[in-house]
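Asks: Provided below: final_12.cif, containing mmCIF, C-alpha atoms and all ligand atoms.
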data_target
loop_
_atom_site.label_atom_id
_atom_site.label_comp_id
_atom_site.auth_asym_id
_atom_site.auth_seq_id
_atom_site.Cartn_x
_atom_site.Cartn_y
_atom_site.Cartn_z
CA MET A 1 152.27 114.43 109.90
CA SER A 2 153.10 110.72 110.05
CA SER A 3 156.85 111.00 109.43
CA SER A 4 159.04 111.36 112.52
CA PRO A 5 160.40 114.78 113.43
CA LEU A 6 163.99 115.66 112.56
CA LEU A 7 164.86 115.90 116.25
CA GLU A 8 162.89 114.78 119.25
CA VAL A 9 163.73 115.24 122.91
CA ARG A 10 161.86 112.83 125.18
CA ARG A 11 161.57 113.43 128.92
CA LEU A 12 165.18 114.43 129.25
CA SER A 13 166.45 114.98 132.80
CA ARG A 14 169.88 116.00 134.00
CA SER A 15 171.44 117.09 137.24
CA PHE A 16 175.04 117.86 138.09
CA GLU A 17 174.48 117.65 141.85
CA LYS A 18 172.18 115.41 143.85
CA ASN A 19 168.65 116.76 144.36
CA HIS A 20 169.34 119.72 142.12
CA PRO A 21 167.95 118.94 138.66
CA ILE A 22 168.90 121.37 135.92
CA LEU A 23 166.71 119.77 133.23
CA LYS A 24 163.39 118.25 134.30
CA GLU A 25 161.67 115.88 131.88
CA VAL A 26 162.19 118.17 128.93
CA SER A 27 160.25 117.13 125.82
CA PHE A 28 159.88 118.84 122.45
CA SER A 29 160.38 118.12 118.79
CA LEU A 30 161.66 119.97 115.76
CA SER A 31 160.29 119.26 112.31
CA GLN A 32 162.48 119.38 109.26
CA GLY A 33 162.83 122.85 107.75
CA SER A 34 161.39 124.62 110.80
CA TRP A 35 162.92 127.61 112.55
CA THR A 36 162.32 127.33 116.27
CA ILE A 37 163.29 129.75 119.01
CA LEU A 38 164.06 128.36 122.46
CA ALA A 39 163.68 131.22 124.90
CA GLY A 40 164.07 131.44 128.66
CA THR A 41 165.70 133.54 131.34
CA ASN A 42 169.35 133.24 132.27
CA GLY A 43 170.00 130.03 134.14
CA SER A 44 166.86 128.26 132.90
CA GLY A 45 168.95 125.46 131.38
CA LYS A 46 169.07 126.39 127.69
CA THR A 47 172.81 125.89 127.21
CA VAL A 48 172.84 122.65 129.19
CA LEU A 49 169.97 121.42 127.01
CA MET A 50 171.81 122.38 123.83
CA ASN A 51 174.83 120.36 124.87
CA HIS A 52 172.63 117.26 125.04
CA LEU A 53 171.31 117.63 121.48
CA ASN A 54 174.39 116.18 119.78
CA GLY A 55 175.57 113.90 122.55
CA LEU A 56 178.20 116.26 123.96
CA GLU A 57 176.51 115.75 127.34
CA LYS A 58 174.66 112.63 128.44
CA PRO A 59 171.26 112.79 130.17
CA ASP A 60 170.48 111.00 133.44
CA GLN A 61 167.12 110.03 132.02
CA GLY A 62 165.29 110.41 128.73
CA GLU A 63 166.35 110.33 125.12
CA VAL A 64 167.26 112.47 122.18
CA LEU A 65 166.19 111.01 118.83
CA PHE A 66 167.37 112.09 115.40
CA ARG A 67 165.03 111.00 112.59
CA GLY A 68 163.54 108.54 115.05
CA GLN A 69 166.89 107.01 116.04
CA LYS A 70 168.31 107.29 119.56
CA ILE A 71 171.41 109.43 119.28
CA ARG A 72 173.33 107.33 121.78
CA SER A 73 173.27 104.53 119.21
CA MET A 74 174.61 106.81 116.46
CA GLY A 75 178.19 107.26 117.65
CA ASP A 76 180.04 110.29 116.30
CA GLU A 77 177.67 110.68 113.35
CA ILE A 78 175.28 112.77 115.44
CA ARG A 79 177.96 115.46 115.93
CA ARG A 80 177.88 116.06 112.20
CA LYS A 81 174.10 115.97 111.85
CA VAL A 82 173.48 118.43 114.68
CA GLY A 83 175.82 121.43 114.46
CA LEU A 84 176.21 123.56 117.59
CA VAL A 85 177.29 127.19 117.32
CA PHE A 86 178.47 128.15 120.80
CA GLN A 87 177.81 131.50 122.39
CA ASN A 88 181.41 132.65 122.42
CA SER A 89 182.85 132.44 118.90
CA ASP A 90 186.37 133.22 120.13
CA LEU A 91 186.36 129.96 122.06
CA GLN A 92 185.17 128.04 119.02
CA PHE A 93 188.01 129.23 116.74
CA VAL A 94 191.09 127.04 116.51
CA GLU A 95 192.85 128.20 113.34
CA GLN A 96 194.84 131.23 112.24
CA THR A 97 192.87 132.07 109.09
CA VAL A 98 189.19 132.02 108.21
CA GLU A 99 189.90 129.64 105.34
CA ARG A 100 191.59 127.13 107.64
CA GLU A 101 188.86 127.61 110.20
CA LEU A 102 186.27 126.59 107.59
CA ALA A 103 188.42 123.58 106.67
CA PHE A 104 188.90 122.40 110.24
CA GLY A 105 185.62 120.47 110.61
CA PRO A 106 185.76 118.72 107.21
CA GLN A 107 189.43 117.81 107.85
CA ASN A 108 188.45 116.22 111.15
CA LEU A 109 185.87 114.21 109.23
CA LYS A 110 188.78 112.98 107.11
CA LEU A 111 187.06 114.00 103.89
CA PRO A 112 189.00 113.92 100.62
CA LYS A 113 190.90 117.15 99.82
CA GLU A 114 188.72 117.97 96.81
CA GLU A 115 185.55 117.58 98.86
CA ILE A 116 186.97 119.88 101.55
CA ARG A 117 187.86 122.46 98.91
CA GLN A 118 184.34 122.36 97.48
CA ARG A 119 182.74 122.74 100.89
CA ILE A 120 184.91 125.75 101.74
CA GLU A 121 183.98 127.36 98.42
CA GLN A 122 180.30 126.76 99.04
CA VAL A 123 180.30 128.10 102.59
CA LYS A 124 182.40 131.09 101.51
CA ASP A 125 179.83 132.01 98.85
CA GLU A 126 176.82 131.17 100.98
CA LEU A 127 177.92 133.38 103.88
CA GLY A 128 179.74 136.04 101.85
CA LEU A 129 183.12 135.39 103.48
CA GLU A 130 185.28 135.99 100.37
CA GLU A 131 187.04 139.10 101.67
CA PHE A 132 187.88 137.51 105.02
CA MET A 133 189.41 134.23 103.89
CA ASN A 134 193.00 135.19 104.80
CA ARG A 135 192.13 137.14 107.95
CA ARG A 136 192.57 135.86 111.49
CA PRO A 137 189.14 134.90 112.87
CA HIS A 138 189.94 136.71 116.13
CA SER A 139 190.56 139.98 114.27
CA LEU A 140 187.05 140.20 112.78
CA SER A 141 184.08 142.21 114.03
CA GLY A 142 181.47 140.48 116.20
CA GLY A 143 179.02 139.85 113.35
CA GLU A 144 181.79 138.66 111.02
CA LYS A 145 183.11 136.30 113.71
CA LYS A 146 179.69 134.82 114.21
CA ARG A 147 179.30 134.28 110.45
CA VAL A 148 182.65 132.48 110.35
CA ALA A 149 181.65 130.36 113.35
CA ILE A 150 178.40 129.44 111.57
CA GLY A 151 180.40 128.74 108.40
CA GLY A 152 182.73 126.39 110.25
CA ILE A 153 179.74 124.38 111.39
CA LEU A 154 178.00 124.47 107.98
CA ALA A 155 181.14 123.06 106.37
CA MET A 156 180.31 119.81 108.14
CA GLU A 157 176.92 119.89 106.38
CA PRO A 158 174.67 119.47 109.43
CA GLU A 159 170.94 118.86 109.07
CA LEU A 160 170.11 120.88 112.17
CA LEU A 161 171.83 124.12 113.12
CA VAL A 162 171.63 125.10 116.79
CA LEU A 163 172.84 128.54 117.85
CA ASP A 164 173.31 129.60 121.47
CA GLU A 165 172.63 133.32 121.98
CA PRO A 166 174.14 134.31 118.63
CA PHE A 167 173.36 138.02 119.07
CA THR A 168 175.14 138.50 122.38
CA GLY A 169 177.57 141.40 122.24
CA LEU A 170 176.80 142.29 118.63
CA ASP A 171 176.02 145.82 117.49
CA TRP A 172 173.05 146.56 115.24
CA ASN A 173 175.05 145.83 112.10
CA GLY A 174 176.32 142.55 113.52
CA VAL A 175 172.82 141.46 114.50
CA ASN A 176 171.61 142.20 110.97
CA GLN A 177 174.45 140.21 109.42
CA VAL A 178 173.67 137.16 111.52
CA LEU A 179 169.90 137.47 111.07
CA HIS A 180 170.31 137.79 107.31
CA THR A 181 172.51 134.68 107.30
CA LEU A 182 169.89 132.69 109.23
CA ILE A 183 167.04 133.92 107.03
CA GLU A 184 168.91 132.81 103.90
CA LEU A 185 169.77 129.40 105.40
CA HIS A 186 166.16 128.89 106.47
CA LYS A 187 164.95 129.76 102.94
CA LYS A 188 167.24 127.03 101.59
CA GLY A 189 165.63 124.52 103.92
CA MET A 190 167.98 124.43 106.92
CA THR A 191 166.33 123.46 110.19
CA ILE A 192 167.26 126.02 112.85
CA LEU A 193 167.04 126.05 116.63
CA LEU A 194 167.87 129.52 117.90
CA ILE A 195 168.46 129.83 121.62
CA THR A 196 168.00 133.30 123.03
CA HIS A 197 166.62 135.32 125.92
CA ASP A 198 166.02 138.20 123.51
CA LEU A 199 162.98 137.69 121.27
CA GLY A 200 162.99 141.19 119.85
CA LYS A 201 165.62 140.46 117.25
CA CYS A 202 164.30 137.23 115.83
CA ALA A 203 160.66 136.47 116.71
CA ALA A 204 159.33 137.80 113.42
CA HIS A 205 161.38 135.33 111.39
CA ALA A 206 160.81 132.06 113.26
CA ASP A 207 157.89 129.61 112.97
CA ARG A 208 157.88 128.05 116.42
CA LEU A 209 158.59 129.23 119.94
CA ILE A 210 159.48 127.09 122.93
CA LEU A 211 159.61 128.67 126.39
CA MET A 212 161.79 127.27 129.09
CA GLY A 213 161.80 128.14 132.77
CA ASP A 214 163.77 126.56 135.58
CA GLY A 215 164.69 123.46 133.60
CA GLU A 216 161.20 122.78 132.32
CA ILE A 217 159.42 123.41 129.05
CA GLY A 218 156.75 126.01 129.70
CA MET A 219 154.92 126.36 126.45
CA THR A 220 155.39 125.29 122.84
CA GLY A 221 153.58 126.49 119.75
CA THR A 222 153.70 128.88 116.86
CA VAL A 223 155.33 132.24 117.57
CA GLU A 224 151.90 133.88 117.39
CA GLU A 225 150.42 131.47 119.93
CA VAL A 226 153.22 131.60 122.47
CA LEU A 227 154.34 135.23 122.26
CA PRO A 228 151.46 136.65 124.36
CA HIS A 229 152.55 134.41 127.26
CA VAL A 230 156.31 134.90 127.35
CA GLU A 231 156.36 137.18 130.40
CA LYS A 232 155.07 134.37 132.60
CA TRP A 233 158.39 132.68 131.91
CA GLY A 234 160.40 135.82 132.56
CA VAL A 235 161.07 136.59 128.90
CA ARG A 236 160.58 140.16 127.76
CA LYS A 237 157.86 140.66 125.17
CA PRO A 238 159.13 142.35 122.02
CA GLU A 239 157.67 145.81 121.56
CA GLY A 240 155.07 146.51 118.90
CA LEU A 241 153.68 143.05 118.23
CA THR A 242 151.96 144.47 115.14
CA TRP A 243 155.17 144.11 113.12
CA LEU A 244 154.83 140.35 113.43
CA LYS A 245 154.04 138.59 110.19
N1 LIG B 1 178.71 121.83 134.49
C1 LIG B 1 177.83 122.29 135.38
N2 LIG B 1 177.87 121.93 136.68
C2 LIG B 1 176.98 122.38 137.57
N3 LIG B 1 175.97 123.24 137.26
C3 LIG B 1 175.89 123.65 135.99
C4 LIG B 1 176.80 123.21 134.99
N4 LIG B 1 176.45 123.79 133.82
C5 LIG B 1 175.37 124.56 134.08
N5 LIG B 1 175.03 124.47 135.38
C6 LIG B 1 173.89 125.17 136.02
O1 LIG B 1 172.74 124.86 135.29
C7 LIG B 1 171.84 125.96 135.27
C8 LIG B 1 171.43 126.26 133.85
O2 LIG B 1 172.54 126.78 133.16
P1 LIG B 1 172.51 127.17 131.64
O3 LIG B 1 172.04 126.02 130.83
O4 LIG B 1 173.85 127.71 131.30
O5 LIG B 1 171.41 128.33 131.60
P2 LIG B 1 171.01 129.29 130.40
O6 LIG B 1 171.80 128.88 129.21
O7 LIG B 1 169.54 129.10 130.22
O8 LIG B 1 171.31 130.68 130.85
C9 LIG B 1 172.56 127.11 135.97
O9 LIG B 1 172.08 127.17 137.28
C10 LIG B 1 174.00 126.68 135.93
O10 LIG B 1 174.70 127.20 137.03
MG MG B 2 173.14 129.95 128.07
#
Please express the file's structure as structure tokens.
Ligand SMILES: Nc1ncnc2c1ncn2[C@@H]1O[C@H](COP(=O)(O)OP(=O)(O)O)[C@@H](O)[C@H]1O
Ligand SMILES: [Mg+2]

Replies:
Amino acid sequence: MSSSPLLEVRRLSRSFEKNHPILKEVSFSLSQGSWTILAGTNGSGKTVLMNHLNGLEKPDQGEVLFRGQKIRSMGDEIRRKVGLVFQNSDLQFVEQTVERELAFGPQNLKLPKEEIRQRIEQVKDELGLEEFMNRRPHSLSGGEKKRVAIGGILAMEPELLVLDEPFTGLDWNGVNQVLHTLIELHKKGMTILLITHDLGKCAAHADRLILMGDGEIGMTGTVEEVLPHVEKWGVRKPEGLTWLK
């Protein structure tokens, strides 16, 4: 337990308007290889918090540390280490084919052509995207789009994958595709932070659960420890807790 966590958030505060804090001294940490769910009602500050985890947004107070290093001293490197998968995949896509979409991140990193090719191959196989490579990302189903969006981030080889409400708008099949993808990535050692207001779909697969309410961290612990208390933070309890591992 002596080594520093992969990511640590220390007393992070942020407001957009005076006297109206959106994040209030938020602290938590993520250990390497863990799968953590960050749950909270709409408007509790989850998305704003996510945008601070790779330096996209700057806090008023507090720090984010990656492997013990303050991310504001890491420059652009942190964007690669912490990959954010935004809620709306359509807004994340910039290219006309899935293949080019997967190449976009590595190209921006100015990696050698051969390295880019290898990364695309790997992500394609890892996420089962073979049959979509020449399709337009916007033409895919919800679950396929989300897999491509995840693939585009994985192609930059992040050490932490953060997903904002990845199940929103997906049908049952889409949810299963995305869940399966996350389960496989977790098995291979990827550290995952899954942001959701809907625990039913994912609670059984995660290790840790963080509850957020009104810009503050409510409770942190194992899924088993925290799950009985979620309703105090306005999060619906998944039905049939017995199916939990
Ligand atoms: N750029 C912004 N300017 C002002 N207020 C914002 C901005 N972004 C988010 N907020 C406010 O911060 C609060 C938390 O938003 P958000 O993080 O999106 O919640 P969640 O993702 O938990 O649903 C909301 O009240 C929202 O209106
Ligand atoms: Mg949100």

Asks: Per residue of chain A within 9 Å of ligand LIG 1 (chain B), record the nearest atom pair and its distance in Å to one decimal, counting all atoms listed in the file, with rows in chain order and ascending residue number, as JSON lines.

Replies:
{"residue": "A:Ser15", "atom": "CA", "partner": "B:LIG1", "partner_atom": "N3", "distance": 7.6}
{"residue": "A:Phe16", "atom": "CA", "partner": "B:LIG1", "partner_atom": "C2", "distance": 4.9}
{"residue": "A:Glu17", "atom": "CA", "partner": "B:LIG1", "partner_atom": "C2", "distance": 6.9}
{"residue": "A:His20", "atom": "CA", "partner": "B:LIG1", "partner_atom": "N3", "distance": 8.9}
{"residue": "A:Pro21", "atom": "CA", "partner": "B:LIG1", "partner_atom": "O1", "distance": 8.3}
{"residue": "A:Ile22", "atom": "CA", "partner": "B:LIG1", "partner_atom": "O1", "distance": 5.2}
{"residue": "A:Leu23", "atom": "CA", "partner": "B:LIG1", "partner_atom": "C8", "distance": 8.0}
{"residue": "A:Ala39", "atom": "CA", "partner": "B:LIG1", "partner_atom": "O7", "distance": 8.2}
{"residue": "A:Gly40", "atom": "CA", "partner": "B:LIG1", "partner_atom": "O7", "distance": 6.2}
{"residue": "A:Thr41", "atom": "CA", "partner": "B:LIG1", "partner_atom": "O7", "distance": 6.0}
{"residue": "A:Asn42", "atom": "CA", "partner": "B:LIG1", "partner_atom": "O8", "distance": 3.5}
{"residue": "A:Gly43", "atom": "CA", "partner": "B:LIG1", "partner_atom": "O5", "distance": 3.4}
{"residue": "A:Ser44", "atom": "CA", "partner": "B:LIG1", "partner_atom": "O7", "distance": 3.9}
{"residue": "A:Gly45", "atom": "CA", "partner": "B:LIG1", "partner_atom": "O3", "distance": 3.2}
{"residue": "A:Lys46", "atom": "CA", "partner": "B:LIG1", "partner_atom": "O7", "distance": 3.7}
{"residue": "A:Thr47", "atom": "CA", "partner": "B:LIG1", "partner_atom": "O3", "distance": 3.7}
{"residue": "A:Val48", "atom": "CA", "partner": "B:LIG1", "partner_atom": "O3", "distance": 3.8}
{"residue": "A:Leu49", "atom": "CA", "partner": "B:LIG1", "partner_atom": "O3", "distance": 6.3}
{"residue": "A:Met50", "atom": "CA", "partner": "B:LIG1", "partner_atom": "O3", "distance": 7.9}
{"residue": "A:Asn51", "atom": "CA", "partner": "B:LIG1", "partner_atom": "O3", "distance": 8.7}
{"residue": "A:Asp164", "atom": "CA", "partner": "B:LIG1", "partner_atom": "O6", "distance": 7.9}
{"residue": "A:Glu165", "atom": "CA", "partner": "B:LIG1", "partner_atom": "O6", "distance": 8.5}
{"residue": "A:Ile195", "atom": "CA", "partner": "B:LIG1", "partner_atom": "O6", "distance": 8.3}
{"residue": "A:Thr196", "atom": "CA", "partner": "B:LIG1", "partner_atom": "O7", "distance": 8.5}
{"residue": "A:His197", "atom": "CA", "partner": "B:LIG1", "partner_atom": "O7", "distance": 8.1}
{"residue": "A:Met212", "atom": "CA", "partner": "B:LIG1", "partner_atom": "O7", "distance": 8.0}
{"residue": "A:Gly213", "atom": "CA", "partner": "B:LIG1", "partner_atom": "O7", "distance": 8.2}
{"residue": "A:Asp214", "atom": "CA", "partner": "B:LIG1", "partner_atom": "C8", "distance": 7.9}
{"residue": "A:Gly215", "atom": "CA", "partner": "B:LIG1", "partner_atom": "C8", "distance": 7.3}

Asks: Go ahead and write the selection's residues with C-alpha atoms as a JSON list (two decimals), in the coordinates of the input.

Replies:
[["chain", "number", "residue", "atom", "x", "y", "z"],
["A", 15, "SER", "CA", 171.44, 117.09, 137.24],
["A", 16, "PHE", "CA", 175.04, 117.86, 138.09],
["A", 17, "GLU", "CA", 174.48, 117.65, 141.85],
["A", 20, "HIS", "CA", 169.34, 119.72, 142.12],
["A", 21, "PRO", "CA", 167.95, 118.94, 138.66],
["A", 22, "ILE", "CA", 168.90, 121.37, 135.92],
["A", 23, "LEU", "CA", 166.71, 119.77, 133.23],
["A", 39, "ALA", "CA", 163.68, 131.22, 124.90],
["A", 40, "GLY", "CA", 164.07, 131.44, 128.66],
["A", 41, "THR", "CA", 165.70, 133.54, 131.34],
["A", 42, "ASN", "CA", 169.35, 133.24, 132.27],
["A", 43, "GLY", "CA", 170.00, 130.03, 134.14],
["A", 44, "SER", "CA", 166.86, 128.26, 132.90],
["A", 45, "GLY", "CA", 168.95, 125.46, 131.38],
["A", 46, "LYS", "CA", 169.07, 126.39, 127.69],
["A", 47, "THR", "CA", 172.81, 125.89, 127.21],
["A", 48, "VAL", "CA", 172.84, 122.65, 129.19],
["A", 49, "LEU", "CA", 169.97, 121.42, 127.01],
["A", 50, "MET", "CA", 171.81, 122.38, 123.83],
["A", 51, "ASN", "CA", 174.83, 120.36, 124.87],
["A", 164, "ASP", "CA", 173.31, 129.60, 121.47],
["A", 165, "GLU", "CA", 172.63, 133.32, 121.98],
["A", 195, "ILE", "CA", 168.46, 129.83, 121.62],
["A", 196, "THR", "CA", 168.00, 133.30, 123.03],
["A", 197, "HIS", "CA", 166.62, 135.32, 125.92],
["A", 212, "MET", "CA", 161.79, 127.27, 129.09],
["A", 213, "GLY", "CA", 161.80, 128.14, 132.77],
["A", 214, "ASP", "CA", 163.77, 126.56, 135.58],
["A", 215, "GLY", "CA", 164.69, 123.46, 133.60]]

Asks: Of the candidates A:Gly75, A:Pro166, A:Pro137, A:Gly234, which one gets nearest to ligand MG 2 (chain B) if we count all atoms listed in the file?

Replies: A:Pro166

Asks: Rounded to one decimal in Å, what is the spacing between atom CA of A:Met74 and atom CA of A:Asn54?

Replies: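 Going from atom CA of A:Met74 over to atom CA of A:Asn54, I get 9.9 Å.
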
Asks: Can you measure atom CA of A:Glu8 to atom CA of A:Gly189 for me? One decimal in Å is fine.

Replies: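 Taking atom CA of A:Glu8 and atom CA of A:Gly189, their separation equals 18.4 Å.
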
Asks: Which residues come within 12 Å of A:Pro228, counting all atoms listed in the file, excluding same-chain residues fewer than 3 positions away, as a ChimeraX atom specification?

Replies: /A:199,203,209,211,219,221-225,231-233,235-241

Asks: Complete stretch 42-55 of chain A with N, CA and C atoms (output as a PDB file, in the coordinates of the input).

Replies:
ATOM      1  N   ASN A  42     168.017 133.741 131.954  1.00  0.00           N
ATOM      2  CA  ASN A  42     169.350 133.240 132.270  1.00  0.00           C
ATOM      3  C   ASN A  42     169.251 132.168 133.341  1.00  0.00           C
ATOM      4  N   GLY A  43     169.962 131.093 133.145  1.00  0.00           N
ATOM      5  CA  GLY A  43     170.000 130.030 134.140  1.00  0.00           C
ATOM      6  C   GLY A  43     168.856 129.032 134.044  1.00  0.00           C
ATOM      7  N   SER A  44     167.998 129.173 133.015  1.00  0.00           N
ATOM      8  CA  SER A  44     166.860 128.260 132.900  1.00  0.00           C
ATOM      9  C   SER A  44     167.252 126.892 132.344  1.00  0.00           C
ATOM     10  N   GLY A  45     168.470 126.773 131.840  1.00  0.00           N
ATOM     11  CA  GLY A  45     168.950 125.460 131.380  1.00  0.00           C
ATOM     12  C   GLY A  45     169.104 125.322 129.880  1.00  0.00           C
ATOM     13  N   LYS A  46     169.046 126.439 129.153  1.00  0.00           N
ATOM     14  CA  LYS A  46     169.070 126.390 127.690  1.00  0.00           C
ATOM     15  C   LYS A  46     170.400 125.825 127.159  1.00  0.00           C
ATOM     16  N   THR A  47     171.505 126.328 127.710  1.00  0.00           N
ATOM     17  CA  THR A  47     172.810 125.890 127.210  1.00  0.00           C
ATOM     18  C   THR A  47     173.071 124.429 127.580  1.00  0.00           C
ATOM     19  N   VAL A  48     172.692 124.056 128.788  1.00  0.00           N
ATOM     20  CA  VAL A  48     172.840 122.650 129.190  1.00  0.00           C
ATOM     21  C   VAL A  48     172.025 121.763 128.245  1.00  0.00           C
ATOM     22  N   LEU A  49     170.816 122.189 127.934  1.00  0.00           N
ATOM     23  CA  LEU A  49     169.970 121.420 127.010  1.00  0.00           C
ATOM     24  C   LEU A  49     170.647 121.296 125.648  1.00  0.00           C
ATOM     25  N   MET A  50     171.144 122.412 125.136  1.00  0.00           N
ATOM     26  CA  MET A  50     171.810 122.380 123.830  1.00  0.00           C
ATOM     27  C   MET A  50     172.914 121.328 123.794  1.00  0.00           C
ATOM     28  N   ASN A  51     173.698 121.279 124.853  1.00  0.00           N
ATOM     29  CA  ASN A  51     174.830 120.360 124.870  1.00  0.00           C
ATOM     30  C   ASN A  51     174.420 118.888 124.859  1.00  0.00           C
ATOM     31  N   HIS A  52     173.131 118.631 125.109  1.00  0.00           N
ATOM     32  CA  HIS A  52     172.630 117.260 125.040  1.00  0.00           C
ATOM     33  C   HIS A  52     172.150 116.889 123.632  1.00  0.00           C
ATOM     34  N   LEU A  53     171.985 117.894 122.760  1.00  0.00           N
ATOM     35  CA  LEU A  53     171.310 117.630 121.480  1.00  0.00           C
ATOM     36  C   LEU A  53     172.196 116.909 120.473  1.00  0.00           C
ATOM     37  N   ASN A  54     173.516 116.966 120.672  1.00  0.00           N
ATOM     38  CA  ASN A  54     174.390 116.180 119.780  1.00  0.00           C
ATOM     39  C   ASN A  54     175.272 115.217 120.567  1.00  0.00           C
ATOM     40  N   GLY A  55     174.864 114.915 121.789  1.00  0.00           N
ATOM     41  CA  GLY A  55     175.570 113.900 122.550  1.00  0.00           C
ATOM     42  C   GLY A  55     176.800 114.390 123.299  1.00  0.00           C
TER      43      GLY A  55
END
